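entry35.txt, holding compact mmCIF, C-alpha atoms:
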```
# COMPACT_ATOMS: atom_id res chain seq x y z
CA MET A 1 23.45 -13.58 1.55
CA GLY A 2 21.09 -12.75 4.40
CA LEU A 3 22.13 -11.55 7.84
CA ASN A 4 22.99 -14.06 10.55
CA ARG A 5 19.83 -14.76 12.58
CA ASP A 6 21.94 -16.03 15.48
CA TYR A 7 22.60 -12.37 16.25
CA ILE A 8 18.95 -11.64 17.07
CA GLY A 9 18.77 -10.71 20.75
CA LYS A 10 22.52 -10.15 21.02
CA GLU A 11 23.40 -7.40 23.51
CA PHE A 12 26.74 -5.64 23.26
CA PRO A 13 28.95 -4.50 26.15
CA SER A 14 27.96 -1.17 27.68
CA LEU A 15 30.04 1.92 26.96
CA GLU A 16 30.34 5.32 28.66
CA HIS A 17 30.33 8.82 27.26
CA VAL A 18 30.89 12.09 29.11
CA VAL A 19 28.97 14.91 27.41
CA LYS A 20 31.02 17.98 26.47
CA PRO A 21 29.52 21.47 25.94
CA GLU A 22 31.37 21.96 22.65
CA GLU A 23 29.86 18.81 21.11
CA VAL A 24 26.39 19.89 22.21
CA ALA A 25 26.88 23.26 20.51
CA ALA A 26 28.36 21.66 17.38
CA TYR A 27 25.38 19.34 17.00
CA ALA A 28 22.89 22.18 17.48
CA LEU A 29 24.65 24.29 14.85
CA ALA A 30 24.80 21.37 12.40
CA ILE A 31 21.01 21.02 12.47
CA GLY A 32 20.54 24.77 12.09
CA SER A 33 19.41 25.53 15.63
CA ARG A 34 20.29 28.70 17.52
CA ASN A 35 18.13 27.79 20.53
CA ALA A 36 19.59 29.42 23.66
CA SER A 37 19.01 26.19 25.62
CA PHE A 38 21.84 24.52 23.68
CA PHE A 39 24.42 27.29 24.16
CA GLY A 40 23.86 28.77 27.61
CA THR A 41 23.33 32.28 26.32
CA ASN A 42 20.52 34.13 24.58
CA GLY A 43 22.66 37.02 23.42
CA PHE A 44 21.78 39.17 26.44
CA ASP A 45 22.36 37.01 29.51
CA SER A 46 24.88 34.25 30.11
CA GLY A 47 24.94 31.35 32.51
CA LEU A 48 21.70 29.81 31.33
CA SER A 49 21.39 26.09 32.01
CA VAL A 50 22.53 24.14 28.95
CA ILE A 51 20.81 21.01 27.69
CA ALA A 52 21.55 18.98 24.56
CA PRO A 53 19.18 18.74 21.59
CA PRO A 54 16.95 15.72 22.30
CA SER A 55 18.39 13.70 19.39
CA PHE A 56 21.98 14.42 20.48
CA THR A 57 22.38 10.85 21.76
CA VAL A 58 22.92 9.63 18.20
CA THR A 59 26.38 11.24 18.30
CA TYR A 60 27.73 8.60 20.64
CA GLU A 61 25.40 5.81 19.52
CA LEU A 62 26.58 5.90 15.90
CA PRO A 63 30.22 4.79 16.39
CA LEU A 64 29.01 1.78 18.37
CA LEU A 65 26.23 0.87 15.95
CA GLU A 66 28.56 1.22 12.98
CA LYS A 67 30.65 -1.57 14.51
CA VAL A 68 27.51 -3.63 14.99
CA TRP A 69 26.11 -3.35 11.46
CA SER A 70 29.53 -3.89 9.87
CA ASP A 71 30.34 -6.95 12.01
CA PRO A 72 31.62 -9.72 9.65
CA GLY A 73 29.88 -12.36 11.76
CA LEU A 74 26.52 -10.63 11.32
CA ASN A 75 27.04 -10.14 7.58
CA GLY A 76 28.63 -13.46 6.63
CA GLY A 77 32.22 -12.32 6.10
CA GLU A 78 34.28 -9.18 5.65
CA GLU A 79 33.63 -8.70 1.92
CA GLN A 80 29.89 -9.15 2.33
CA ALA A 81 29.96 -6.72 5.25
CA LYS A 82 31.58 -4.04 3.05
CA GLN A 83 28.94 -4.57 0.36
CA ASN A 84 26.08 -4.52 2.87
CA VAL A 85 27.29 -1.26 4.43
CA LEU A 86 27.37 0.36 0.99
CA MET A 87 23.75 -0.73 0.40
CA LEU A 88 22.51 0.32 3.84
CA VAL A 89 19.87 3.05 4.16
CA HIS A 90 18.10 4.39 7.22
CA GLY A 91 14.48 3.24 7.16
CA ASP A 92 13.02 4.56 10.40
CA GLN A 93 13.93 5.99 13.79
CA ASN A 94 11.98 6.14 17.04
CA MET A 95 13.23 7.85 20.18
CA LYS A 96 11.93 8.36 23.72
CA PHE A 97 13.31 11.18 25.84
CA TYR A 98 13.05 10.52 29.58
CA LYS A 99 15.18 13.40 30.87
CA PRO A 100 17.37 16.08 29.27
CA ILE A 101 21.08 15.46 28.77
CA LYS A 102 23.45 18.14 30.05
CA PRO A 103 27.16 18.82 29.58
CA GLY A 104 29.12 16.89 32.20
CA ASP A 105 26.66 13.99 32.32
CA LYS A 106 28.28 10.55 32.25
CA ILE A 107 26.06 8.38 30.07
CA THR A 108 26.17 4.58 30.04
CA TYR A 109 24.65 3.09 26.91
CA THR A 110 23.95 -0.41 25.68
CA ALA A 111 23.10 -1.62 22.16
CA LYS A 112 21.07 -4.66 21.19
CA ILE A 113 19.98 -6.36 17.95
CA ASP A 114 16.21 -6.67 18.35
CA ASP A 115 15.28 -8.38 15.08
CA ILE A 116 16.16 -9.09 11.45
CA GLU A 117 13.29 -9.09 8.96
CA ASP A 118 13.24 -10.30 5.36
CA LYS A 119 11.52 -7.66 3.21
CA GLY A 120 12.02 -9.38 -0.13
CA SER A 121 14.16 -6.72 -1.77
CA GLY A 122 16.40 -6.52 1.28
CA GLU A 123 16.55 -7.09 5.01
CA LEU A 124 15.60 -4.79 7.88
CA LEU A 125 18.04 -4.75 10.79
CA LYS A 126 16.40 -3.52 13.98
CA LEU A 127 18.70 -2.13 16.66
CA SER A 128 18.05 -0.39 19.97
CA VAL A 129 20.19 1.66 22.33
CA LEU A 130 19.31 2.44 25.94
CA SER A 131 21.10 5.34 27.66
CA LYS A 132 21.23 5.83 31.43
CA ASP A 133 22.79 8.49 33.64
CA GLU A 134 25.09 8.07 36.65
CA LYS A 135 22.07 7.36 38.85
CA GLY A 136 21.06 4.47 36.61
CA GLU A 137 17.98 6.36 35.43
CA LYS A 138 16.83 6.17 31.82
CA VAL A 139 17.79 9.15 29.70
CA THR A 140 16.99 8.16 26.12
CA GLU A 141 15.81 5.06 24.29
CA SER A 142 16.54 4.82 20.57
CA HIS A 143 15.15 2.31 18.06
CA TRP A 144 16.85 2.12 14.66
CA GLY A 145 15.49 0.50 11.50
CA LEU A 146 18.28 -0.02 8.94
CA PHE A 147 17.41 -1.45 5.53
CA ILE A 148 20.09 -3.31 3.57
CA ARG A 149 19.17 -3.46 -0.10
CA GLY A 150 19.72 -6.52 -2.26
CA ILE A 151 20.12 -9.28 0.34
CA GLY A 152 16.48 -10.33 0.78
CA SER A 153 14.85 -13.54 -0.40
CA GLY A 154 13.29 -11.78 -3.40
CA GLU A 155 9.83 -12.75 -2.15
CA LYS A 156 7.33 -10.17 -1.03
CA PRO A 157 6.43 -10.45 2.67
CA LYS A 158 3.21 -12.41 3.10
CA SER A 159 0.28 -10.83 4.86
CA SER A 160 -2.38 -12.92 6.58
CA ALA A 161 -4.86 -10.03 6.62
CA PRO A 162 -7.39 -9.94 3.76
CA LYS A 163 -7.12 -7.02 1.40
CA ALA A 164 -9.61 -4.32 2.25
CA ALA A 165 -11.35 -2.18 -0.31
CA PRO A 166 -9.61 1.16 -0.71
CA ALA A 167 -11.14 3.72 1.59
CA ALA A 168 -11.79 7.32 0.71
CA PRO A 169 -8.96 9.53 1.97
CA PRO A 170 -9.88 11.22 5.25
CA GLU A 171 -10.35 14.93 5.46
CA PRO A 172 -7.03 16.53 6.42
CA PRO A 173 -7.08 17.79 10.01
CA PRO A 174 -6.36 21.46 10.69
CA LEU A 175 -2.67 22.26 10.89
CA ALA A 176 -1.20 22.75 14.35
CA PHE A 177 1.98 24.13 12.81
CA ARG A 178 3.85 24.53 9.54
CA ASP A 179 7.52 25.31 9.09
CA VAL A 180 9.98 25.61 6.22
CA ILE A 181 13.44 24.01 6.22
CA ARG A 182 15.93 25.31 3.68
CA VAL A 183 18.61 22.63 3.61
CA PRO A 184 22.08 24.22 3.42
CA GLY A 185 24.39 23.12 0.63
CA ASP A 186 27.13 22.13 3.07
CA VAL A 187 24.93 20.48 5.68
CA THR A 188 26.17 16.92 5.09
CA TYR A 189 29.77 17.85 5.87
CA LYS A 190 28.86 19.73 9.05
CA TYR A 191 26.48 17.00 10.20
CA ALA A 192 29.00 14.23 9.49
CA ASP A 193 31.51 15.85 11.83
CA ALA A 194 29.02 16.81 14.55
CA SER A 195 27.19 13.46 14.59
CA ASN A 196 30.13 11.06 14.01
CA ASP A 197 28.26 9.67 11.00
CA HIS A 198 30.90 9.41 8.28
CA ASN A 199 29.03 7.20 5.81
CA PRO A 200 30.65 8.25 2.50
CA ILE A 201 27.33 8.44 0.62
CA HIS A 202 26.76 11.74 2.44
CA VAL A 203 30.08 13.37 1.57
CA ASN A 204 31.46 11.58 -1.51
CA GLU A 205 29.64 12.00 -4.84
CA LYS A 206 31.34 8.99 -6.45
CA VAL A 207 30.50 6.61 -3.60
CA ALA A 208 26.91 7.88 -3.45
CA LYS A 209 26.40 7.10 -7.13
CA GLU A 210 28.03 3.67 -6.73
CA ALA A 211 25.37 3.02 -4.09
CA GLY A 212 22.63 3.77 -6.67
CA LEU A 213 21.86 7.31 -5.52
CA LYS A 214 21.81 10.38 -7.76
CA GLY A 215 24.46 12.04 -5.62
CA ILE A 216 25.37 13.13 -2.11
CA ASN A 217 22.27 12.97 0.08
CA VAL A 218 21.46 14.26 3.54
CA HIS A 219 21.77 11.92 6.52
CA GLY A 220 18.37 10.63 7.56
CA LEU A 221 19.10 11.61 11.15
CA CYS A 222 19.98 15.11 10.00
CA THR A 223 16.60 15.41 8.25
CA MET A 224 14.93 14.06 11.39
CA SER A 225 16.80 16.48 13.66
CA MET A 226 16.07 19.49 11.44
CA THR A 227 12.42 18.44 11.59
CA MET A 228 12.70 18.07 15.37
CA LYS A 229 14.01 21.65 15.48
CA SER A 230 10.94 22.79 13.50
CA ILE A 231 8.60 21.06 15.96
CA ILE A 232 10.36 22.57 18.97
CA GLU A 233 10.42 26.09 17.52
CA SER A 234 6.97 26.05 15.90
CA TYR A 235 4.92 23.99 18.37
CA LEU A 236 6.74 23.71 21.71
CA ASP A 237 7.46 27.40 22.43
CA ALA A 238 11.17 26.77 21.70
CA ASP A 239 11.39 24.54 24.81
CA PRO A 240 13.24 21.31 23.87
CA GLY A 241 12.55 19.82 27.29
CA LYS A 242 8.88 19.44 26.32
CA LEU A 243 9.63 16.86 23.61
CA LYS A 244 9.13 13.35 25.03
CA ALA A 245 9.10 11.12 21.94
CA LEU A 246 9.84 11.34 18.24
CA GLY A 247 9.35 8.82 15.45
CA VAL A 248 9.94 9.05 11.70
CA ARG A 249 9.82 6.85 8.61
CA PHE A 250 12.18 7.97 5.87
CA THR A 251 10.50 7.59 2.48
CA ALA A 252 12.71 9.49 0.02
CA PRO A 253 16.24 10.93 -0.05
CA VAL A 254 16.83 14.57 0.82
CA TYR A 255 19.53 16.49 -1.04
CA PRO A 256 21.55 19.58 -0.12
CA GLY A 257 19.71 22.67 -1.34
CA ASP A 258 16.24 21.15 -0.98
CA THR A 259 13.42 23.16 0.56
CA LEU A 260 11.24 21.07 2.89
CA ILE A 261 7.78 21.81 4.31
CA VAL A 262 6.97 20.43 7.76
CA ASP A 263 3.26 20.05 8.54
CA GLY A 264 1.95 18.85 11.91
CA TRP A 265 -1.45 17.97 13.37
CA GLU A 266 -2.69 17.36 16.89
CA THR A 267 -4.02 13.83 17.34
CA GLY A 268 -5.07 13.79 21.01
CA GLU A 269 -3.16 12.49 24.02
CA LYS A 270 -0.71 9.60 24.50
CA ASN A 271 1.10 8.52 27.66
CA GLY A 272 -0.14 11.67 29.37
CA ASN A 273 1.39 13.83 26.65
CA SER A 274 0.04 15.81 23.73
CA ALA A 275 0.33 13.67 20.60
CA ILE A 276 0.99 15.02 17.14
CA ALA A 277 1.43 13.56 13.67
CA PHE A 278 3.60 15.18 11.03
CA GLU A 279 5.04 14.75 7.56
CA VAL A 280 7.79 16.43 5.59
CA THR A 281 7.41 17.29 1.90
CA ARG A 282 9.99 18.47 -0.63
CA GLU A 283 8.65 21.69 -2.11
CA SER A 284 10.09 21.28 -5.61
CA ASP A 285 8.32 18.02 -6.53
CA GLY A 286 5.81 17.34 -3.73
CA VAL A 287 7.59 14.13 -2.70
CA LYS A 288 7.12 13.25 0.97
CA VAL A 289 10.53 12.53 2.48
CA ILE A 290 9.10 11.66 5.91
CA LYS A 291 5.74 9.95 6.31
CA GLY A 292 3.93 8.82 9.43
CA GLY A 293 5.94 11.06 11.74
CA THR A 294 4.83 11.07 15.40
CA ALA A 295 5.79 13.08 18.43
CA GLU A 296 4.76 13.42 22.05
CA ALA A 297 5.06 16.65 24.01
CA ALA A 298 4.54 17.46 27.66
CA LEU A 299 1.16 19.07 28.23
```

Target format structure tokens, applied to this file:
Amino acid sequence: MGLNRDYIGKEFPSLEHVVKPEEVAAYALAIGSRNASFFGTNGFDSGLSVIAPPSFTVTYELPLLEKVWSDPGLNGGEEQAKQNVLMLVHGDQNMKFYKPIKPGDKITYTAKIDDIEDKGSGELLKLSVLSKDEKGEKVTESHWGLFIRGIGSGEKPKSSAPKAAPAAPPEPPPLAFRDVIRVPGDVTYKYADASNDHNPIHVNEKVAKEAGLKGINVHGLCTMSMTMKSIIESYLDADPGKLKALGVRFTAPVYPGDTLIVDGWETGEKNGNSAIAFEVTRESDGVKVIKGGTAEAAL
């Protein structure tokens, strides 16, 4: 059964969240970051101004969005909702960062269902969350693409564009940066607690296999945030405030213990920022786990 199209455009009541320093530190540690900006100390001096990792907003967005995507009215009943949640995977994520979040900030955030798309083998639920500070100024804008397997029409999406002849692959641009991520064996448990994402496929082997996976896999947002850390440390002089936008498309599961290679290229300018493209590859088999990654950084 497909999702209820009457929910397209539905906006949910706004909620508030006051940012605590301990949750900022916990999120930074869960993604493997020791950046002094997230802790207020560099090991020599204390009292440094603390800001949250740019993707930190997912920690308060997730509990709200979990209620949205498991809503029986959206899914066509409680039993169908339970089945759909089990078959849900994170397809893509795009975020804009307007200003840094700091401990003590009172954030007001609002979620909306932007669209529901039939992809044949499943349906893509598009959600967005807009966060504002006490002044009513934008802080972060998040766009979520969540794919629910097995509820599509079974028909491949039709394309009106004529098929073009395959083009020769372009010459790879010179690397702007490369970094290595060694995914810790216990990362899913730490990230689940720090991010408020308790989907059992990330912490329960049995449930993960029931969902058709080979075992416990890493949260997509954790992979994204570890990649974000690589970009900040390798390209942005360890200054998280320079990151203005981040977008990823998840193309393969990541598992605890994997080694990932992050490669990035400069692609010009966008919105007055430096634009880069990046991809993430698993070292052991060459599978790309993130394709078409994009980021914008302050010049």

> How many Å lie between atom CA of Thr223 of chain A and atom CA of Arg149 of chain A, rounded to one decimal?
Replying inline: 20.8 Å

Taking only residues of segment 21-82 of chain A that have an atom at most 12 Å from an atom of segment 90-107 of chain A, what is each one's shortest atom pair and its distance in Å to one decimal, using all atoms listed in the file, in chain and number order, as JSON lines?
```
{"residue": "A:Pro21", "atom": "CA", "partner": "A:Pro103", "partner_atom": "CA", "distance": 5.1}
{"residue": "A:Glu22", "atom": "CA", "partner": "A:Pro103", "partner_atom": "CA", "distance": 8.7}
{"residue": "A:Glu23", "atom": "CA", "partner": "A:Pro103", "partner_atom": "CA", "distance": 8.9}
{"residue": "A:Val24", "atom": "CA", "partner": "A:Pro103", "partner_atom": "CA", "distance": 7.5}
{"residue": "A:Ala25", "atom": "CA", "partner": "A:Pro103", "partner_atom": "CA", "distance": 10.1}
{"residue": "A:Ser37", "atom": "CA", "partner": "A:Lys102", "partner_atom": "CA", "distance": 10.2}
{"residue": "A:Phe38", "atom": "CA", "partner": "A:Lys102", "partner_atom": "CA", "distance": 9.2}
{"residue": "A:Phe39", "atom": "CA", "partner": "A:Pro103", "partner_atom": "CA", "distance": 10.4}
{"residue": "A:Gly40", "atom": "CA", "partner": "A:Pro103", "partner_atom": "CA", "distance": 10.7}
{"residue": "A:Leu48", "atom": "CA", "partner": "A:Lys102", "partner_atom": "CA", "distance": 11.9}
{"residue": "A:Ser49", "atom": "CA", "partner": "A:Lys102", "partner_atom": "CA", "distance": 8.4}
{"residue": "A:Val50", "atom": "CA", "partner": "A:Lys102", "partner_atom": "CA", "distance": 6.2}
{"residue": "A:Ile51", "atom": "CA", "partner": "A:Lys102", "partner_atom": "CA", "distance": 4.6}
{"residue": "A:Ala52", "atom": "CA", "partner": "A:Ile101", "partner_atom": "CA", "distance": 5.5}
{"residue": "A:Pro53", "atom": "CA", "partner": "A:Ile101", "partner_atom": "CA", "distance": 8.1}
{"residue": "A:Pro54", "atom": "CA", "partner": "A:Phe97", "partner_atom": "CA", "distance": 6.8}
{"residue": "A:Ser55", "atom": "CA", "partner": "A:Met95", "partner_atom": "CA", "distance": 7.8}
{"residue": "A:Phe56", "atom": "CA", "partner": "A:Ile101", "partner_atom": "CA", "distance": 8.4}
{"residue": "A:Thr57", "atom": "CA", "partner": "A:Ile101", "partner_atom": "CA", "distance": 8.5}
{"residue": "A:Val58", "atom": "CA", "partner": "A:Met95", "partner_atom": "CA", "distance": 10.0}
{"residue": "A:Tyr60", "atom": "CA", "partner": "A:Ile107", "partner_atom": "CA", "distance": 9.6}
{"residue": "A:Glu61", "atom": "CA", "partner": "A:Ile107", "partner_atom": "CA", "distance": 10.9}
{"residue": "A:Trp69", "atom": "CA", "partner": "A:His90", "partner_atom": "CA", "distance": 11.9}
```

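Distances here use only C-alpha atoms; by that measure, the residue among A:Ala238, A:Leu124, A:Ala176, A:Cys222 closest to Thr267 of chain A is A:Ala176.
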
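Here atom CA of Leu246 of chain A is placed at a distance of 20.7 Å from atom CA of Asp115 of chain A.
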
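Between atom CA of Ala275 of chain A and atom CA of Gly241 of chain A there is a distance of 15.2 Å.
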
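Shortest atom-to-atom contact with Val280 of chain A among A:Val89, A:Ala252, A:Met1, A:Leu146: A:Ala252, counting all atoms listed in the file.
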
>> Residues within 12 Å of Lys288 of chain A, please, as a PyMOL selection string. Count all atoms listed in the file; anything in the same chain fewer than 3 positions from it doesn't count.
In response: chain A and resi 248-254+259-263+278-285+291-293

>> Let me make sure I understand: among A:Gly220, A:Gly185, A:Pro72, A:Gly152, which one has the smallest atom-to-atom distance to Ile201 of chain A if we use all atoms listed in the file?
In response: A:Gly220

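Once Ser230 of chain A and its same-chain neighbours fewer than 2 positions away are set aside, Asp179, Val180, Ile181, Met226, Thr227, Met228, Ile232, Glu233, Ser234, Tyr235 and Val262 of chain A remain within 8 Å of it when counting only C-alpha atoms.
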
>> I need the residue nearest Leu15 of chain A from this list: A:Leu130, A:Met87, A:Ala36, A:Ile116. Use all atoms listed in the file for the distance.
In response: A:Leu130

> What's the 9 Å shell around Asp114 of chain A, counting all atoms listed in the file, without same-chain residues fewer than 6 positions away, as a VMD selection string?
Replying inline: chain A and resid 7 to 11 125 to 128

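With all atoms listed in the file as the atoms that count, the residue of A:Lys190, A:His202, A:Lys214, A:Lys112 with the shortest distance to Val68 of chain A is A:Lys112.
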
>> Using only C-alpha atoms for the distances, tell me which of A:Ser225, A:Ser153, A:Ser14, A:Thr59 is nearest to His198 of chain A.
In response: A:Thr59

Val183 of chain A surroundings by all atoms listed in the file, 7 Å radius, close-in-sequence under 5 positions cut, as a PDB file with C-alpha atoms, in the coordinates of the input:
```pdb
ATOM      1  CA  PRO A 256      21.550  19.580  -0.120  1.00  0.00           C
ATOM      2  CA  GLY A 257      19.710  22.670  -1.340  1.00  0.00           C
ATOM      3  CA  ASP A 258      16.240  21.150  -0.980  1.00  0.00           C
ATOM      4  CA  THR A 259      13.420  23.160   0.560  1.00  0.00           C
TER       5      THR A 259
END
```

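Environment of (19.8, 21.4, 11.6): residues at most 7 Å away, judged by only C-alpha atoms, are Ala28, Leu29, Ala30, Ile31, Gly32, Ser33, Cys222, Ser225, Met226 and Lys229 of chain A.
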